[in-house]
Structure formats: structure tokens, C-alpha cells
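J.: Structure provided below as C-alpha cells; questions to follow.
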Amino acid sequence: MPDQTGRTFIVTGANSGLGAATVRSLAGAGGRVVLACRDVAKGERVAAPLGDRAVVRRLDLADLASVREFAAATEPADVLINNAGVMALPELRTADGFEMQVGTNHLGHFALTGLLLDKISERIVTVASGAHVIGKIDLDDLNWERRKYQRWAAYGQAKLANLMFAYELHRRLTAAGSPKISVAAHPGYASTELQSHTESLLDAVMWVGNRVLAQSAEMGSLPTLFAATTDVEPGGYYGPTGFRGLRGFPGVSGSSRASRDEDVARGLWELSEKLTGVTYEFAK
């Protein structure tokens with residue numbers, strides 16, 4: 001990774017797993033990191049060894065009031081890394097009534113990015129997942145209010161939304177003539193705490209998978225670091241290049257046909273603005 005001295009990064013969900021590995025590497029390369037965490041105490045434990053290169057700020061992506069409070073108090077930065085996420089949860093609702101997975105993974109980050117856009121000077125990196133391939137965006141029932149809830153389908157929709165958001169943000173930045181770029185990344189299969197919070201028997205199954213198939217959180221963070229710090233293609237998508245995109249060092253990653261559907265992406269953007277109350281302003 002190039003030297004990051006003089007650059008500031010905001011990383012959501014930086015108190016554990018991929019986020020913690022990401023901030024450690026960025027600070028180790030000389031960067032300043034803002035750990036945007038719901039659990040401030042855990043964030044402070046990650047930040048403590050990093051000294052004055054790290055600061056912790058409270059951010060609960062499942063509460064738009066918290067998102068607005070964080071954005072209003074945040075100083076300018078070079079890079080925003082939308083890393084935080086939840087996976088395969090039982091049916092839960094955010095403070096604003098959104099289905100928890102799409103509310104946290106997508107709508108919270110959509111609102112955060114819009115509110116911070118004029119404070120981010122260089123790029124926005126959004127962490128998606130290979131699970132986007134099982135997702136389908138339902139613009140008529142994004143929040144699972146009429147459909148029978150299915151935790152994995154909800155997760156797939158949320159991660160597809162992450163990727164479509166990154167692509168659509170790139171298109172809108174380009175159309176506005178902005179020098180800022182939007183890039184997406186995914187970690188492949190990395191062993192993190194994410195797999196132990198489904199509140200089901202899947203936790204035990206994935207515990208085994210973590211030890212047999214998964215790579216470390218440090219390896220899983222490499223695509224995000226690559227997307228955040230190197231000369232990447234604007235609007236690109238990066239992930240592990242090893243076995244089936246699950247492991248290995250980072251490079252260009254493919255994505256599903258659905259993720260490239262510009263009509264659905266525009267619909268998702270407009271719906272996200274309506275649900276969050278955040279409208280983007282694309283200043284050059």
C-alpha cells in the first residue's frame with residue numbers, strides 16, 4: 001500500500017472484523033482514521049494502539065438521527081469507506097422502521113454518504129459482497145412489509161443495493177463533472193464476527209466454515225484497502241482473485257447482470273432519497 005501520510009479516512013463499522021483490520025492497515029501506513037462505530041467502547045479498544053492517528057465517533061446506521069448527528073459533527077476527509085453491515089438476521093426493524101439489513105447496510109450508508117458528500121474530497125468506497133448475486137431489488141416492498149420475510153433473500157437484496165448504489169453514485173458523479181470517484185469492493189469469504197450474529201443455528205455452521213474455507217479478516221480487508229488507496233478505475237468493483245473469488249489478493253471482480261441494471265438503480269436511488277429524506281447535491 002502506498003504511504004498514506006496526510007490522508008484521512010472515515011471507516012464505518014471499524015470496531016471489529018474487516019473494519020478493524022482496515023483501520024489498522026491505514027493507520028500503519030501513516031493515515032489518520034475516524035472509526036465510525038455503534039459500539040464506541042469496542043471502537044476505542046481498536047483505536048488505542050493506533051495513538052493519535054485514530055479517533056472514535058459514534059454512528060448507528062440503523063438510526064437516521066444518529067447518521068445526521070455524526071455527519072454534522074464530522075470534519076472533512078479524503079475517503080469514506082462504507083464498510084459496516086449486518087448479515088442474515090431474523091426479522092428486525094431499524095429506529096426508522098426499515099428492515100434491519102437493507103436499513104443498515106444500504107439506507108444508512110446512502111444517507112451518510114449524501115450528508116458527507118461535500119466533505120469527502122477524493123473517493124467513496126462501498127463494501128458489497130459476493131452474495132449480491134442472490135439478491136433482487138423489490139422497489140415495491142424494499143422493507144419486507146408485505147412479503148414473507150426471508151433472511152438470506154433480505155441480505156442478498158441489501159448487498160445488491162450496496163453495489164448498485166456504488167455504480168449509480170459513480171454515474172452521477174461523472175455526469176456532474178465531479179473529480180470524486182465511487183468504487184466498490186468485496187472481501188470474499190473472510191472470517192469475522194459477522195457470521196456469529198445471525199441468532200440462529202447458522203452461527204455454528206458458519207463457525208465451521210470460517211475455520212475450513214475462510215481467509216483472515218486481514219486478507220479480507222485487502223480489496224477495500226486496494227480500492228481506497230490505489231489508482232483504481234472509477235466505478236470499478238474489486239475483490240479476491242483466488243478460488244471462486246472467495247480468497248486471495250485483490251483485483252478486478254465481476255458482478256451480476258442485475259447489478260448493472262441502470263433503470264432499477266435509478267429507481268432504488270429515488271426510493272432511497274424518499275425513505276431517508278437525504279437528497280444529494282453534486283457540486284463540481
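How things are named: the first chain in the C-alpha cells is A, the next is B, and so on; residues count from 1 in each chain; ligands count from 1 in the order shown.
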Env of Gln215 (chain A): 9 Å cut, atoms = only C-alpha atoms, seq-sep filter 6 positions within chain, self excluded. Answer as a PyMOL selection string.

T.: chain A and resi 188-191+246-248

J.: For CA of Val183 (chain A) and CA of Ile124 (chain A), quote the distance in Å rounded to one decimal.

T.: 6.3 Å

J.: Could you go through region 33-261 of chain A and tell me which residues DSSP, when run on the backbone, assigns to strand (DSSP E or B), listing them as a VMD selection string?

T.: chain A and resid 33 to 37 54 to 58 77 to 82 93 99 120 to 127 181 to 185 190 215 237 to 240 250 to 252

J.: One decimal, in Å: what's the spacing between CA of Ala265 (chain A) and CA of Leu160 (chain A)?

T.: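 Interatomic distance, CA of Ala265 (chain A) to CA of Leu160 (chain A): 10.1 Å.
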
J.: Could you go through region 67-210 of chain A and tell me which residues DSSP, when run on the backbone, assigns to helix (DSSP H, G or I), listing them as an MDAnalysis selection string?

T.: chainID A and resid 67:73 100:119 130:134 151:175 193:196 202:210

J.: Write out as a PyMOL selection string each polymer residue whose atoms come within 8 Å of Leu112 (chain A), counting only C-alpha atoms; drop sequence neighbours fewer than 4 positions from it.

T.: chain A and resi 67-68+71+108+116

J.: So which one's closest to Val278 (chain A), A:Leu142, A:Ala88, A:Ala111, A:Ala153? Using only C-alpha atoms, please.

T.: A:Ala111

J.: Which of these, A:Val252, A:Gly239, A:Ser259, A:Asp141, has the shortest distance to Ala166 (chain A) once you count only C-alpha atoms?

T.: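 Of A:Val252, A:Gly239, A:Ser259, A:Asp141, the one nearest Ala166 (chain A), counting only C-alpha atoms, is A:Ser259.
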
J.: Could you list, as a PyMOL selection string, every residue within 12 Å of region 25-29 of chain A, counting only C-alpha atoms and ignoring same-chain residues fewer than 5 positions away?

T.: chain A and resi 1-11+14+18-20+34-35+46-55+79+81+217-219+221-222+224-226+228-229

J.: Can you tell me, as number ranges by chain, what residues are no more than 12 Å from Thr174 (chain A) when counting only C-alpha atoms, ignoring any on the same chain fewer than 6 positions away?

T.: A: 167-168, 180-182, 234-235, 282-284

J.: Point out the residue among A:Asp63, A:Leu173, A:Trp152, A:Ser129 with the least atom-to-atom distance to Pro240 (chain A), counting only C-alpha atoms.

T.: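 For Pro240 (chain A), the nearest of the candidates is A:Ser129.
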
J.: Let me make sure I understand: among A:Arg38, A:Arg45, A:His109, A:Lys159, which one has the smallest atom-to-atom distance to Arg58 (chain A) if we use only C-alpha atoms?

T.: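 Smallest distance to Arg58 (chain A) is found for A:Arg38.
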
J.: Would you mind reading off the distance between CA of Gly177 (chain A) and CA of Ala161 (chain A), one decimal, in Å?

T.: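 Atom-to-atom, CA of Gly177 (chain A) and CA of Ala161 (chain A) are spaced 24.0 Å apart.
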
J.: For Met87 (chain A), which residue out of A:Leu59, A:Ala158, A:Ala21, A:Leu169 is the nearest one, using only C-alpha atoms?

T.: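 The closest residue to Met87 (chain A) is A:Ala158.
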